[in-house]
file model24.csv (CSV, C-alpha atoms and all ligand atoms)
chain,number,residue,atom,x,y,z
I,3,MET,CA,7.7,5.4,40.7
I,4,SER,CA,11.1,5.5,42.2
I,5,TRP,CA,10.2,3.0,45.0
I,6,ILE,CA,10.1,0.3,42.3
I,7,ARG,CA,13.8,0.9,41.5
I,8,ASP,CA,14.7,0.2,45.1
I,9,HIS,CA,13.5,-3.4,44.5
I,10,ILE,CA,15.3,-4.0,41.3
I,11,ARG,CA,18.8,-5.4,41.4
I,12,THR,CA,21.3,-4.4,38.8
I,13,ILE,CA,23.9,-7.1,37.8
I,14,PRO,CA,26.7,-5.6,35.7
I,15,ASP,CA,28.0,-7.7,32.7
I,16,HIS,CA,25.3,-10.3,32.8
I,17,PRO,CA,24.8,-12.5,30.8
I,18,ILE,CA,27.5,-11.0,28.6
I,19,PRO,CA,30.0,-8.0,29.1
I,20,GLY,CA,28.3,-4.6,28.6
I,21,ILE,CA,24.8,-5.7,29.6
I,22,GLN,CA,23.4,-4.1,32.8
I,23,PHE,CA,21.0,-6.9,33.8
I,24,ARG,CA,17.9,-5.5,35.6
I,25,ASP,CA,16.9,-8.4,37.9
I,26,VAL,CA,13.3,-8.4,39.0
I,27,THR,CA,13.6,-11.5,41.2
I,28,THR,CA,14.3,-9.1,44.1
I,29,LEU,CA,11.0,-7.4,43.4
I,30,PHE,CA,9.1,-10.6,43.0
I,31,GLN,CA,10.4,-12.0,46.3
I,32,ASN,CA,9.0,-9.0,48.3
I,33,GLY,CA,5.2,-9.6,48.7
I,34,GLU,CA,4.3,-6.0,49.4
I,35,ALA,CA,6.3,-4.7,46.5
I,36,LEU,CA,5.0,-7.3,44.1
I,37,GLN,CA,1.4,-6.6,45.1
I,38,ARG,CA,1.9,-2.8,44.7
I,39,VAL,CA,3.4,-3.4,41.2
I,40,ILE,CA,0.4,-5.6,40.2
I,41,HIS,CA,-2.0,-2.9,41.5
I,42,GLU,CA,-0.2,-0.3,39.4
I,43,MET,CA,-0.4,-2.5,36.3
I,44,ALA,CA,-4.1,-3.2,37.0
I,45,ASP,CA,-4.8,0.5,37.3
I,46,HIS,CA,-3.3,1.1,33.9
I,47,CYS,CA,-5.4,-1.7,32.4
I,48,ARG,CA,-8.8,-0.6,33.8
I,49,ASP,CA,-11.4,1.0,31.5
I,50,LYS,CA,-9.7,-0.4,28.4
I,51,GLY,CA,-12.1,-3.4,28.0
I,52,ILE,CA,-9.3,-5.9,28.2
I,53,THR,CA,-10.4,-9.5,28.0
I,54,ARG,CA,-6.9,-11.3,28.0
I,55,ILE,CA,-3.4,-10.7,29.3
I,56,ALA,CA,-0.6,-12.0,27.1
I,57,GLY,CA,2.5,-12.7,29.1
I,58,ILE,CA,5.9,-13.3,27.5
I,59,GLU,CA,7.9,-16.2,28.9
I,60,ALA,CA,9.2,-16.3,31.5
I,61,ARG,CA,9.0,-13.2,33.7
I,62,GLY,CA,6.0,-12.0,31.8
I,63,PHE,CA,4.2,-15.1,33.1
I,64,ILE,CA,4.7,-14.1,36.7
I,65,LEU,CA,3.5,-10.6,36.2
I,66,GLY,CA,0.9,-11.4,33.6
I,67,GLY,CA,-0.6,-14.3,35.6
I,68,ALA,CA,-1.0,-12.2,38.7
I,69,LEU,CA,-2.4,-9.3,36.7
I,70,ALA,CA,-4.9,-11.5,34.9
I,71,HIS,CA,-6.1,-12.8,38.2
I,72,GLN,CA,-6.4,-9.2,39.6
I,73,LEU,CA,-8.5,-8.1,36.6
I,74,GLY,CA,-10.5,-11.3,36.4
I,75,VAL,CA,-9.5,-12.0,32.7
I,76,GLY,CA,-7.9,-14.8,30.9
I,77,PHE,CA,-4.2,-15.4,30.3
I,78,VAL,CA,-2.4,-16.2,27.1
I,79,PRO,CA,1.2,-17.6,27.3
I,80,VAL,CA,3.6,-16.4,24.6
I,81,ARG,CA,6.2,-19.1,24.8
I,82,LYS,CA,9.7,-20.0,23.6
I,83,ALA,CA,9.8,-22.5,20.7
I,84,GLY,CA,8.7,-26.1,21.3
I,85,LYS,CA,7.0,-25.6,24.6
I,86,LEU,CA,3.3,-25.2,23.7
I,87,PRO,CA,1.4,-28.6,23.2
I,88,TRP,CA,-1.2,-27.6,20.6
I,89,LYS,CA,-0.9,-26.1,17.1
I,90,THR,CA,1.2,-22.9,17.1
I,91,ILE,CA,2.5,-20.1,14.9
I,92,SER,CA,6.0,-18.9,15.5
I,93,ARG,CA,8.2,-15.9,14.9
I,94,ASP,CA,12.0,-15.4,15.1
I,95,TYR,CA,13.4,-12.2,16.6
I,96,ASN,CA,16.6,-10.5,17.7
I,97,LEU,CA,17.4,-9.9,21.4
I,98,GLU,CA,19.6,-7.3,23.0
I,99,TYR,CA,21.8,-10.3,23.3
I,100,GLY,CA,21.3,-13.2,20.8
I,101,THR,CA,18.2,-14.5,18.9
I,102,ASP,CA,15.2,-16.5,19.8
I,103,THR,CA,11.7,-17.7,18.7
I,104,LEU,CA,8.3,-17.1,20.2
I,105,GLU,CA,5.1,-19.1,19.7
I,106,VAL,CA,1.4,-18.9,20.5
I,107,HIS,CA,-1.4,-21.4,20.1
I,108,ILE,CA,-3.4,-20.7,16.9
I,109,ASP,CA,-6.6,-20.6,19.1
I,110,ALA,CA,-5.1,-18.4,21.9
I,111,VAL,CA,-7.7,-15.7,21.5
I,112,GLU,CA,-11.3,-15.5,20.3
I,113,ALA,CA,-12.9,-13.0,17.9
I,114,GLY,CA,-13.2,-9.7,19.7
I,115,ASP,CA,-10.6,-10.4,22.4
I,116,ARG,CA,-8.8,-7.3,23.5
I,117,VAL,CA,-5.3,-8.1,24.6
I,118,MET,CA,-2.7,-6.4,26.7
I,119,ILE,CA,0.9,-7.6,26.3
I,120,VAL,CA,2.9,-7.9,29.5
I,121,ASP,CA,6.6,-8.4,30.2
I,122,ASP,CA,9.1,-7.3,32.9
I,123,LEU,CA,11.3,-5.2,30.7
I,124,ILE,CA,11.5,-3.7,27.2
I,125,ALA,CA,14.9,-3.1,25.6
I,126,THR,CA,15.2,-3.2,21.8
I,127,GLY,CA,11.6,-4.3,21.5
I,128,GLY,CA,12.4,-7.3,19.4
I,129,THR,CA,10.6,-9.7,21.8
I,130,ALA,CA,7.5,-7.5,22.3
I,131,VAL,CA,7.1,-6.8,18.6
I,132,ALA,CA,7.3,-10.5,17.8
I,133,ALA,CA,4.6,-11.1,20.4
I,134,LEU,CA,2.5,-8.3,18.9
I,135,GLU,CA,2.8,-9.8,15.4
I,136,LEU,CA,1.9,-13.2,16.7
I,137,LEU,CA,-1.1,-12.0,18.5
I,138,ARG,CA,-2.3,-9.9,15.5
I,139,ASP,CA,-1.8,-13.0,13.3
I,140,VAL,CA,-4.3,-14.9,15.5
I,141,LYS,CA,-6.7,-12.0,15.2
I,142,ALA,CA,-6.3,-10.5,18.7
I,143,GLU,CA,-7.0,-6.8,19.0
I,144,VAL,CA,-3.9,-5.7,20.9
I,145,VAL,CA,-4.9,-2.8,23.1
I,146,GLY,CA,-1.4,-2.0,24.3
I,147,SER,CA,1.7,-3.3,26.1
I,148,LEU,CA,2.8,-2.9,29.7
I,149,PHE,CA,6.3,-3.3,31.2
I,150,VAL,CA,7.8,-2.7,34.6
I,151,ILE,CA,11.1,-1.4,33.2
I,152,ASP,CA,11.9,0.6,30.1
I,153,LEU,CA,15.4,1.0,28.7
I,154,PRO,CA,14.5,4.0,26.5
I,155,GLY,CA,18.0,4.3,25.0
I,156,LEU,CA,17.3,1.0,23.1
I,157,GLY,CA,14.1,2.3,21.6
I,158,GLY,CA,11.8,-0.7,22.1
I,159,ALA,CA,8.8,1.2,23.5
I,160,ASP,CA,9.0,3.7,20.6
I,161,ARG,CA,9.2,0.8,18.1
I,162,LEU,CA,6.0,-0.7,19.6
I,163,ARG,CA,4.3,2.7,19.3
I,164,ALA,CA,5.4,3.0,15.7
I,165,GLU,CA,3.6,-0.4,15.1
I,166,GLY,CA,0.4,1.2,16.5
I,167,CYS,CA,0.7,-0.5,19.9
I,168,PRO,CA,0.7,1.9,22.9
I,169,ALA,CA,3.5,1.1,25.4
I,170,HIS,CA,3.5,1.9,29.1
I,171,CYS,CA,6.3,1.3,31.6
I,172,LEU,CA,6.4,1.9,35.3
I,173,VAL,CA,10.1,2.9,35.6
I,174,SER,CA,12.7,4.0,33.1
I,175,TYR,CA,16.4,3.5,33.2
I,176,GLU,CA,17.6,6.4,31.0
I,177,GLY,CA,20.9,6.0,29.4
I,178,GLU,CA,21.9,3.0,31.4
I,201,LIG,P1,14.2,-6.9,23.9
I,201,LIG,O1,13.6,-7.9,23.0
I,201,LIG,O2,15.5,-6.4,23.4
I,201,LIG,O3,13.2,-5.7,24.1
I,201,LIG,O4,14.5,-7.6,25.3
I,201,LIG,C1,13.5,-7.8,26.2
I,201,LIG,C2,13.5,-9.2,26.8
I,201,LIG,O5,14.8,-9.6,27.2
I,201,LIG,C3,12.7,-9.2,28.0
I,201,LIG,O6,12.0,-10.5,28.1
I,201,LIG,C4,13.7,-9.0,29.2
I,201,LIG,O7,13.3,-9.8,30.3
I,201,LIG,C5,15.0,-9.4,28.6
I,201,LIG,N1,16.0,-8.4,28.8
I,201,LIG,C6,16.6,-7.7,27.7
I,201,LIG,N2,17.6,-6.9,28.2
I,201,LIG,C7,17.5,-7.0,29.6
I,201,LIG,C8,18.3,-6.4,30.6
I,201,LIG,N3,19.2,-5.4,30.4
I,201,LIG,N4,18.0,-6.8,31.9
I,201,LIG,C9,17.0,-7.7,32.1
I,201,LIG,N5,16.3,-8.4,31.2
I,201,LIG,C10,16.6,-8.0,29.9
call {"tool": "encode", "arguments": {"input": "model24.csv", "output": "structure tokens"}}
result
Amino acid sequence: MSWIRDHIRTIPDHPIPGIQFRDVTTLFQNGEALQRVIHEMADHCRDKGITRIAGIEARGFILGGALAHQLGVGFVPVRKAGKLPWKTISRDYNLEYGTDTLEVHIDAVEAGDRVMIVDDLIATGGTAVAALELLRDVKAEVVGSLFVIDLPGLGGADRLRAEGCPAHCLVSYEGE
């Protein structure tokens, strides 16, 4: 889906030297492109019996919220530490640059919920694997994970697959 690449801005050396930051705000601000991306993501989700979308803060909220609306299913926020108001469980993880903590509410899903994890980009997979573990801890059946951008050189999508979680990405930035 090369048309998607045309809407993604690359910012060299952000936020630290050596990182090619793939900026999806340029995609989000184009109504037609955003709608097409959500339709692509919704097509991938159909016929999987998904009952909730789990979006990872913050860009995963924008995509995941629109996708949940499109599918007519609920939305679960996977948030940075200290943001959620109710009882949470948390997990620390390593980023492509730095470390962080993710949390979910202990009652974020109900028995039998089938969940798709959504974020803008997968790099090393640290973030998405932390989200996967949190969702499994609260007894979600994680059906898969869905990203706009894959950085396959960093191995995150394969890491998810090795954990038994299918991973699908709309565009891939090979060796970049
Ligand atoms: P990772 O845990 O290494 O898979 O990193 C994925 C998370 O960090 C996602 O939430 C991305 O939004 C963000 N991220 C990591 N690397 C980049 C990058 N090169 N460009 C844009 N966002 C990135």
call {"tool": "residues_near_ligand", "arguments": {"input": "model24.csv", "ligand": "ligand LIG 201 (chain I)", "cutoff": "7 Å", "atoms": "only C-alpha atoms and all ligand atoms", "output": "list in words"}}
result
Ile21, Gln22, Phe23, Arg24, Asp25, Ile58, Arg61, Asn96, Leu97, Glu98, Asp121, Asp122, Leu123, Ile124, Ala125, Thr126, Gly127, Gly128, Thr129, Ala130 and Gly158 of chain I
call {"tool": "residues_near_point", "arguments": {"input": "model24.csv", "point": "(-4.4, -6.2, 24.8)", "cutoff": "12 Å", "atoms": "only C-alpha atoms", "output": "PyMOL selection string"}}
result
chain I and resi 46-48+50-57+66+70+75-78+111+114-120+133-134+137-138+141-148+167-169
call {"tool": "closest_residue", "arguments": {"input": "model24.csv", "among": "I:Ser174, I:Gln72, I:Thr28, I:Thr12", "to": "Ile40 of chain I", "atoms": "only C-alpha atoms"}}
result
I:Gln72
call {"tool": "atom_distance", "arguments": {"input": "model24.csv", "atom1": "atom CA of Ala44 of chain I", "atom2": "atom CA of Phe149 of chain I"}}
result
11.9 Å
call {"tool": "closest_residue", "arguments": {"input": "model24.csv", "among": "I:Val80, I:Tyr95, I:Leu65, I:Asp152", "to": "Ile108 of chain I", "atoms": "all atoms listed in the file"}}
result
I:Val80
call {"tool": "atom_distance", "arguments": {"input": "model24.csv", "atom1": "atom CA of Thr103 of chain I", "atom2": "atom CA of Ala60 of chain I"}}
result
13.1 Å
call {"tool": "residues_near_point", "arguments": {"input": "model24.csv", "point": "(8.0, -16.2, 40.6)", "cutoff": "8 Å", "atoms": "all atoms listed in the file", "output": "JSON, numbers by chain"}}
result
{"I": [27, 30, 31, 61, 64]}
call {"tool": "atom_distance", "arguments": {"input": "model24.csv", "atom1": "atom CA of Asp15 of chain I", "atom2": "atom CA of Val173 of chain I"}}
result
21.0 Å
call {"tool": "closest_residue", "arguments": {"input": "model24.csv", "among": "I:Leu29, I:Met43, I:Leu153, I:Ile13", "to": "Leu73 of chain I", "atoms": "all atoms listed in the file"}}
result
I:Met43
call {"tool": "closest_residue", "arguments": {"input": "model24.csv", "among": "I:Leu136, I:Ile10, I:Val131, I:Ala110", "to": "Gly166 of chain I", "atoms": "only C-alpha atoms"}}
result
I:Val131
call {"tool": "closest_residue", "arguments": {"input": "model24.csv", "among": "I:Arg93, I:His41, I:Leu172, I:Gly157", "to": "His71 of chain I", "atoms": "only C-alpha atoms"}}
result
I:His41
call {"tool": "closest_residue", "arguments": {"input": "model24.csv", "among": "I:Ile6, I:Asp139, I:Ile18, I:Arg11", "to": "Leu36 of chain I", "atoms": "only C-alpha atoms"}}
result
I:Ile6
